[in-house]
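Quick notes on the structure that follows.
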Amino acid sequence: MSSFYQISKFLEYKLNAVDRHSLQAPFIFNFYENVMKGKKRSGVFDKIESYRRELLKNETLIAIEDFGAGSRVSKSAKRTVKDLARSGLSSRKFSEMLFRLSDYTESVDIVELGTSLGINTLYLAKSSPKARVTTFEGCRESAQIAIDLFKRAHQFNIEVIRGNIDLTLPGFAKKTNKVDLVYFDANHQFDATLRYYSQFLPLIHADTVFVIDDIYWSKSMGKAWKELVQQPEVTLSIDIFDAGLLFFNKDFYKEHYVLAF
Ligand SMILES: C[S@@+](CC[C@H](N)C(=O)[O-])C[C@H]1O[C@@H](n2cnc3c(N)ncnc32)[C@H](O)[C@@H]1O
């Protein structure tokens, strides 16, 4: 269910988005070719997608504990797993892009805010044998389904931190030295997005990348994205409509791209 705001933002995005023919700078051209339009496939994709298909058929009812901006689709406290998988997870295309992004940036210390059923956690965890993924989830029953999935997939490089991110993230940030890739996909609200961003800032380095999901989910997320792009430490920002990417390498001139995805 799309709001008028989302539709108008999508049309604006379509009018502004550029593809490889307009990209001159080598970093952004290579990034576009390898990450956005990358053909690199991995044998693990089909396996993860078979788990997604199972979730899409799973009729188990689970209790939803919502600490975030919630869901536009269903406000009921109980939902089937298949309903959650249909409305709460990203597309396969986006998941594969996340995998390529993590691979291309050689990310090791990866954080995901918002595990849900664990599909994108698996994509990130399988992006490199060196990857260490920490994923945060507040809803106990969703987190348990994800944990069971990681066990079945023999994926042991994932740590799940359960509870409200407002309470769990400060402790994690204190004991962590660096982050290479952070995928923000939990509480889609202005204040929370900016707060989480600032809690990760002491952990970034020149090659860190942040992925902010659902930047046009609501006016408040659109405002948060605008604000993040303007932060002084952000040197490159990329809008792909479904998400926004932020880079911090001081060798870049400050630039903003709207890329066709
Ligand atoms: C869109 S889903 C995540 C989807 C997942 N990243 C994927 O792509 O497969 C968002 C998740 O964030 C969780 N969440 C939202 N706000 C939270 C908070 N403040 N603390 C902990 N979890 C939160 C929700 O329970 C939900 O499972």
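If you're wondering about the labels, chains in the structure tokens are A, B, ... by order shown, residues count from 1 in each chain, ligands from 1 in order shown.
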From a backbone DSSP assignment, name each residue in segment 94-179 of chain A labelled helix (DSSP H, G or I), as a ChimeraX atom specification. /A:94-104,119-125,140-152,165-174
List all protein, DNA and RNA residues that have at least one atom no more than 7 Å from any atom of ligand 1, counting only C-alpha atoms and all ligand atoms, and write them as a PDB file with N, CA and C atoms, in the first residue's frame.
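The new file result11.pdb reads:
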ATOM      1  N   GLU A  65       5.906  -7.773  18.494  1.00  0.00           N
ATOM      2  CA  GLU A  65       6.216  -6.674  19.431  1.00  0.00           C
ATOM      3  C   GLU A  65       6.846  -5.588  18.588  1.00  0.00           C
ATOM      4  N   ASP A  66       6.170  -4.472  18.479  1.00  0.00           N
ATOM      5  CA  ASP A  66       6.618  -3.430  17.558  1.00  0.00           C
ATOM      6  C   ASP A  66       7.240  -2.256  18.310  1.00  0.00           C
ATOM      7  N   PHE A  67       8.542  -2.089  18.162  1.00  0.00           N
ATOM      8  CA  PHE A  67       9.235  -0.976  18.819  1.00  0.00           C
ATOM      9  C   PHE A  67       9.510   0.165  17.847  1.00  0.00           C
ATOM     10  N   GLY A  68       9.108  -0.038  16.589  1.00  0.00           N
ATOM     11  CA  GLY A  68       9.485   0.947  15.575  1.00  0.00           C
ATOM     12  C   GLY A  68       8.304   1.750  15.100  1.00  0.00           C
ATOM     13  N   ALA A  69       8.401   2.228  13.851  1.00  0.00           N
ATOM     14  CA  ALA A  69       7.322   3.023  13.286  1.00  0.00           C
ATOM     15  C   ALA A  69       6.147   2.141  12.895  1.00  0.00           C
ATOM     16  N   GLY A  88       7.267  -7.478   5.023  1.00  0.00           N
ATOM     17  CA  GLY A  88       8.332  -6.844   5.812  1.00  0.00           C
ATOM     18  C   GLY A  88       9.735  -7.048   5.288  1.00  0.00           C
ATOM     19  N   LEU A  89       9.904  -7.866   4.236  1.00  0.00           N
ATOM     20  CA  LEU A  89      11.264  -8.133   3.758  1.00  0.00           C
ATOM     21  C   LEU A  89      11.505  -7.432   2.430  1.00  0.00           C
ATOM     22  N   SER A  90      12.768  -7.184   2.150  1.00  0.00           N
ATOM     23  CA  SER A  90      13.094  -6.511   0.887  1.00  0.00           C
ATOM     24  C   SER A  90      12.958  -7.504  -0.273  1.00  0.00           C
ATOM     25  N   GLU A 112      23.331  -5.064  11.254  1.00  0.00           N
ATOM     26  CA  GLU A 112      21.989  -4.892  10.698  1.00  0.00           C
ATOM     27  C   GLU A 112      21.054  -4.479  11.831  1.00  0.00           C
ATOM     28  N   LEU A 113      20.364  -3.363  11.660  1.00  0.00           N
ATOM     29  CA  LEU A 113      19.341  -2.972  12.638  1.00  0.00           C
ATOM     30  C   LEU A 113      18.005  -3.449  12.084  1.00  0.00           C
ATOM     31  N   GLY A 114      17.388  -4.419  12.733  1.00  0.00           N
ATOM     32  CA  GLY A 114      16.118  -4.975  12.253  1.00  0.00           C
ATOM     33  C   GLY A 114      16.336  -6.296  11.529  1.00  0.00           C
ATOM     34  N   THR A 115      16.376  -7.388  12.283  1.00  0.00           N
ATOM     35  CA  THR A 115      16.631  -8.721  11.710  1.00  0.00           C
ATOM     36  C   THR A 115      15.407  -9.253  10.994  1.00  0.00           C
ATOM     37  N   SER A 116      14.253  -9.016  11.600  1.00  0.00           N
ATOM     38  CA  SER A 116      12.998  -9.642  11.184  1.00  0.00           C
ATOM     39  C   SER A 116      13.194 -11.153  11.097  1.00  0.00           C
ATOM     40  N   LEU A 117      12.958 -11.769   9.929  1.00  0.00           N
ATOM     41  CA  LEU A 117      13.044 -13.234   9.827  1.00  0.00           C
ATOM     42  C   LEU A 117      14.434 -13.696   9.394  1.00  0.00           C
ATOM     43  N   GLY A 118      15.349 -12.742   9.176  1.00  0.00           N
ATOM     44  CA  GLY A 118      16.756 -13.098   8.981  1.00  0.00           C
ATOM     45  C   GLY A 118      17.228 -13.285   7.545  1.00  0.00           C
ATOM     46  N   ILE A 119      16.388 -12.939   6.571  1.00  0.00           N
ATOM     47  CA  ILE A 119      16.788 -13.187   5.172  1.00  0.00           C
ATOM     48  C   ILE A 119      17.985 -12.312   4.764  1.00  0.00           C
ATOM     49  N   ASN A 120      17.900 -11.015   4.980  1.00  0.00           N
ATOM     50  CA  ASN A 120      19.051 -10.173   4.588  1.00  0.00           C
ATOM     51  C   ASN A 120      20.256 -10.389   5.501  1.00  0.00           C
ATOM     52  N   THR A 121      20.011 -10.829   6.723  1.00  0.00           N
ATOM     53  CA  THR A 121      21.131 -11.184   7.605  1.00  0.00           C
ATOM     54  C   THR A 121      21.948 -12.297   6.940  1.00  0.00           C
ATOM     55  N   PHE A 136      20.223  -6.780  15.163  1.00  0.00           N
ATOM     56  CA  PHE A 136      19.401  -6.350  16.308  1.00  0.00           C
ATOM     57  C   PHE A 136      17.924  -6.564  16.004  1.00  0.00           C
ATOM     58  N   GLU A 137      17.210  -7.168  16.951  1.00  0.00           N
ATOM     59  CA  GLU A 137      15.768  -7.362  16.746  1.00  0.00           C
ATOM     60  C   GLU A 137      15.033  -7.274  18.083  1.00  0.00           C
ATOM     61  N   GLY A 138      13.909  -6.544  18.071  1.00  0.00           N
ATOM     62  CA  GLY A 138      13.132  -6.367  19.294  1.00  0.00           C
ATOM     63  C   GLY A 138      12.014  -7.383  19.445  1.00  0.00           C
ATOM     64  N   CYS A 139      11.492  -7.868  18.334  1.00  0.00           N
ATOM     65  CA  CYS A 139      10.353  -8.793  18.400  1.00  0.00           C
ATOM     66  C   CYS A 139      10.890 -10.195  18.684  1.00  0.00           C
ATOM     67  N   SER A 142       9.954 -13.146  16.120  1.00  0.00           N
ATOM     68  CA  SER A 142      10.650 -13.009  14.818  1.00  0.00           C
ATOM     69  C   SER A 142      12.112 -13.387  14.997  1.00  0.00           C
ATOM     70  N   GLY A 163      16.021  -7.234  21.831  1.00  0.00           N
ATOM     71  CA  GLY A 163      15.554  -6.128  22.679  1.00  0.00           C
ATOM     72  C   GLY A 163      15.411  -4.855  21.860  1.00  0.00           C
ATOM     73  N   ASN A 164      14.905  -3.834  22.528  1.00  0.00           N
ATOM     74  CA  ASN A 164      14.716  -2.539  21.874  1.00  0.00           C
ATOM     75  C   ASN A 164      16.085  -1.914  21.555  1.00  0.00           C
ATOM     76  N   ILE A 165      16.307  -1.583  20.302  1.00  0.00           N
ATOM     77  CA  ILE A 165      17.602  -1.024  19.872  1.00  0.00           C
ATOM     78  C   ILE A 165      17.950   0.241  20.671  1.00  0.00           C
ATOM     79  N   ASP A 166      16.927   0.991  21.059  1.00  0.00           N
ATOM     80  CA  ASP A 166      17.185   2.204  21.860  1.00  0.00           C
ATOM     81  C   ASP A 166      17.995   1.842  23.105  1.00  0.00           C
ATOM     82  N   ASP A 185      17.587  -0.845   9.165  1.00  0.00           N
ATOM     83  CA  ASP A 185      16.284  -1.294   8.648  1.00  0.00           C
ATOM     84  C   ASP A 185      15.351  -1.646   9.810  1.00  0.00           C
ATOM     85  N   ALA A 186      15.301  -0.769  10.827  1.00  0.00           N
ATOM     86  CA  ALA A 186      14.457  -1.088  11.984  1.00  0.00           C
ATOM     87  C   ALA A 186      13.410  -0.005  12.202  1.00  0.00           C
ATOM     88  N   ASN A 187      13.756   0.939  13.040  1.00  0.00           N
ATOM     89  CA  ASN A 187      12.798   1.971  13.439  1.00  0.00           C
ATOM     90  C   ASN A 187      12.820   3.112  12.415  1.00  0.00           C
TER      91      ASN A 187
END
Taking only C-alpha atoms into account, name the residue in A:Tyr32, A:Phe156, A:Phe150, A:Phe184 that is nearest to Arg132 of chain A.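 The closest residue to Arg132 of chain A is A:Phe156.
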Could you give me, as a list in words, the residues within 9 Å of Ser128 of chain A, counting only C-alpha atoms and dropping anything in the same chain fewer than 2 positions from it?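 Non-adjacent residues within range: Phe99, Ser102, Asp103, Glu106, Ser107, Val108, Leu124, Ala125, Lys126, Lys130, Ala131 and Arg132 of chain A.
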Write out the residues from the selection above, keeping all heavy atoms, as a compact mmCIF listing (two decimals), in the first residue's frame.
# COMPACT_ATOMS: atom_id res chain seq x y z
N PHE A 99 24.38 -8.07 -0.78
CA PHE A 99 25.46 -9.06 -0.81
C PHE A 99 26.64 -8.50 -1.60
O PHE A 99 27.80 -8.54 -1.15
CB PHE A 99 24.94 -10.35 -1.46
CG PHE A 99 25.98 -11.43 -1.64
CD1 PHE A 99 26.10 -12.46 -0.72
CD2 PHE A 99 26.84 -11.42 -2.74
CE1 PHE A 99 27.06 -13.46 -0.88
CE2 PHE A 99 27.80 -12.41 -2.91
CZ PHE A 99 27.90 -13.43 -1.98
N SER A 102 28.47 -5.64 0.22
CA SER A 102 29.33 -6.12 1.30
C SER A 102 30.60 -6.77 0.73
O SER A 102 31.71 -6.55 1.24
CB SER A 102 28.53 -7.12 2.13
OG SER A 102 29.29 -7.55 3.19
N ASP A 103 30.43 -7.53 -0.34
CA ASP A 103 31.55 -8.20 -1.01
C ASP A 103 32.50 -7.14 -1.61
O ASP A 103 33.72 -7.17 -1.38
CB ASP A 103 30.95 -9.10 -2.10
CG ASP A 103 32.00 -9.80 -2.93
OD1 ASP A 103 32.95 -10.33 -2.34
OD2 ASP A 103 31.87 -9.82 -4.18
N GLU A 106 34.47 -5.27 0.83
CA GLU A 106 35.24 -6.20 1.68
C GLU A 106 34.90 -6.00 3.15
O GLU A 106 35.78 -5.95 4.02
CB GLU A 106 36.74 -6.04 1.42
CG GLU A 106 37.11 -6.40 -0.01
CD GLU A 106 38.60 -6.25 -0.30
OE1 GLU A 106 39.36 -5.94 0.62
OE2 GLU A 106 38.97 -6.47 -1.46
N SER A 107 33.62 -5.86 3.41
CA SER A 107 33.17 -5.61 4.78
C SER A 107 33.33 -6.86 5.65
O SER A 107 33.02 -7.96 5.23
CB SER A 107 31.71 -5.17 4.78
OG SER A 107 31.62 -3.90 4.19
N VAL A 108 33.81 -6.65 6.85
CA VAL A 108 33.99 -7.73 7.82
C VAL A 108 33.03 -7.49 9.00
O VAL A 108 32.22 -8.35 9.35
CB VAL A 108 35.45 -7.80 8.31
CG1 VAL A 108 35.60 -8.81 9.45
CG2 VAL A 108 36.39 -8.15 7.16
N LEU A 124 24.04 -11.00 4.07
CA LEU A 124 25.23 -10.28 4.55
C LEU A 124 26.25 -11.26 5.12
O LEU A 124 27.45 -11.16 4.86
CB LEU A 124 24.81 -9.25 5.62
CG LEU A 124 24.01 -8.06 5.09
CD1 LEU A 124 23.37 -7.28 6.23
CD2 LEU A 124 24.89 -7.13 4.24
N ALA A 125 25.77 -12.24 5.88
CA ALA A 125 26.69 -13.19 6.54
C ALA A 125 27.41 -14.07 5.52
O ALA A 125 28.53 -14.51 5.76
CB ALA A 125 25.91 -14.05 7.52
N LYS A 126 26.76 -14.30 4.38
CA LYS A 126 27.37 -15.17 3.37
C LYS A 126 28.22 -14.38 2.37
O LYS A 126 28.80 -14.97 1.46
CB LYS A 126 26.28 -15.96 2.63
CG LYS A 126 25.66 -17.05 3.51
CD LYS A 126 24.93 -18.08 2.69
CE LYS A 126 24.24 -19.14 3.56
NZ LYS A 126 25.17 -20.12 4.14
N LYS A 130 34.95 -14.10 5.98
CA LYS A 130 35.49 -13.31 7.10
C LYS A 130 34.41 -12.47 7.80
O LYS A 130 34.67 -11.85 8.83
CB LYS A 130 36.56 -12.33 6.58
CG LYS A 130 37.83 -13.03 6.15
CD LYS A 130 38.87 -11.96 5.89
CE LYS A 130 40.05 -12.53 5.13
NZ LYS A 130 40.72 -11.53 4.31
N ALA A 131 33.22 -12.40 7.21
CA ALA A 131 32.18 -11.50 7.74
C ALA A 131 31.76 -11.89 9.16
O ALA A 131 31.71 -13.08 9.51
CB ALA A 131 30.97 -11.52 6.82
N ARG A 132 31.51 -10.86 9.98
CA ARG A 132 30.94 -11.06 11.32
C ARG A 132 29.73 -10.13 11.39
O ARG A 132 29.89 -8.91 11.32
CB ARG A 132 31.93 -10.61 12.41
CG ARG A 132 33.17 -11.46 12.56
CD ARG A 132 33.98 -10.98 13.75
NE ARG A 132 34.60 -9.67 13.48
CZ ARG A 132 35.89 -9.51 13.15
NH1 ARG A 132 36.68 -10.56 13.07
NH2 ARG A 132 36.39 -8.30 12.92
Glu49 of chain A: which residues within 10 Å, counting only C-alpha atoms, same-chain residues fewer than 3 positions away excluded, as a ChimeraX atom specification? /A:44-46,52-55,92,95,119,123
Write out as a tab-separated table (two decimals) with N, CA and C atoms, in the first residue's frame the set of residues from segment 61-195 of chain A that DSSP, computed on the backbone, places in strand (DSSP E or B).
chain	number	residue	atom	x	y	z
A	61	LEU	N	1.18	-18.47	13.42
A	61	LEU	CA	0.84	-17.12	13.93
A	61	LEU	C	1.88	-16.74	14.99
A	62	ILE	N	2.43	-15.56	14.87
A	62	ILE	CA	3.38	-15.12	15.91
A	62	ILE	C	2.95	-13.77	16.50
A	63	ALA	N	3.36	-13.54	17.73
A	63	ALA	CA	3.04	-12.28	18.40
A	63	ALA	C	4.07	-11.23	17.98
A	78	LYS	N	-0.95	-10.00	16.26
A	78	LYS	CA	-0.56	-11.35	15.80
A	78	LYS	C	-0.56	-11.36	14.28
A	79	ARG	N	0.48	-11.96	13.72
A	79	ARG	CA	0.53	-12.06	12.25
A	79	ARG	C	1.11	-13.41	11.87
A	80	THR	N	0.75	-13.86	10.68
A	80	THR	CA	1.36	-15.12	10.23
A	80	THR	C	2.77	-14.79	9.73
A	109	ASP	N	33.13	-6.31	9.60
A	109	ASP	CA	32.27	-6.00	10.74
A	109	ASP	C	30.99	-5.33	10.24
A	110	ILE	N	29.94	-6.15	10.22
A	110	ILE	CA	28.67	-5.74	9.60
A	110	ILE	C	27.58	-5.70	10.67
A	111	VAL	N	26.76	-4.65	10.60
A	111	VAL	CA	25.65	-4.54	11.56
A	111	VAL	C	24.35	-4.37	10.79
A	112	GLU	N	23.33	-5.06	11.25
A	112	GLU	CA	21.99	-4.89	10.70
A	112	GLU	C	21.05	-4.48	11.83
A	113	LEU	N	20.36	-3.36	11.66
A	113	LEU	CA	19.34	-2.97	12.64
A	113	LEU	C	18.00	-3.45	12.08
A	132	ARG	N	31.51	-10.86	9.98
A	132	ARG	CA	30.94	-11.06	11.32
A	132	ARG	C	29.73	-10.13	11.39
A	133	VAL	N	28.55	-10.73	11.48
A	133	VAL	CA	27.34	-9.90	11.44
A	133	VAL	C	26.70	-9.83	12.83
A	134	THR	N	26.43	-8.61	13.25
A	134	THR	CA	25.65	-8.41	14.48
A	134	THR	C	24.31	-7.84	14.04
A	135	THR	N	23.23	-8.52	14.43
A	135	THR	CA	21.91	-8.07	13.99
A	135	THR	C	21.01	-7.84	15.20
A	136	PHE	N	20.22	-6.78	15.16
A	136	PHE	CA	19.40	-6.35	16.31
A	136	PHE	C	17.92	-6.56	16.00
A	137	GLU	N	17.21	-7.17	16.95
A	137	GLU	CA	15.77	-7.36	16.75
A	137	GLU	C	15.03	-7.27	18.08
A	158	ILE	N	26.95	-15.05	12.94
A	158	ILE	CA	25.89	-14.06	13.22
A	158	ILE	C	25.62	-14.01	14.71
A	159	GLU	N	25.61	-12.80	15.26
A	159	GLU	CA	25.18	-12.64	16.65
A	159	GLU	C	23.87	-11.85	16.65
A	160	VAL	N	22.87	-12.37	17.33
A	160	VAL	CA	21.59	-11.66	17.39
A	160	VAL	C	21.50	-10.96	18.74
A	161	ILE	N	21.29	-9.66	18.71
A	161	ILE	CA	21.08	-8.90	19.96
A	161	ILE	C	19.60	-8.58	20.06
A	162	ARG	N	18.96	-9.17	21.06
A	162	ARG	CA	17.51	-9.02	21.18
A	162	ARG	C	17.16	-7.85	22.10
A	181	LEU	N	30.12	-1.96	7.53
A	181	LEU	CA	28.83	-1.77	6.82
A	181	LEU	C	27.72	-1.80	7.86
A	182	VAL	N	26.87	-0.80	7.84
A	182	VAL	CA	25.70	-0.78	8.74
A	182	VAL	C	24.44	-0.66	7.88
A	183	TYR	N	23.54	-1.61	8.09
A	183	TYR	CA	22.26	-1.62	7.36
A	183	TYR	C	21.16	-1.23	8.34
A	184	PHE	N	20.64	0.00	8.17
A	184	PHE	CA	19.60	0.53	9.06
A	184	PHE	C	18.23	0.11	8.51
Which residue gives the smallest distance to Phe94 of chain A among A:Ala143, A:Val81, A:Met36, A:Val258, with only C-alpha atoms counted? A:Met36
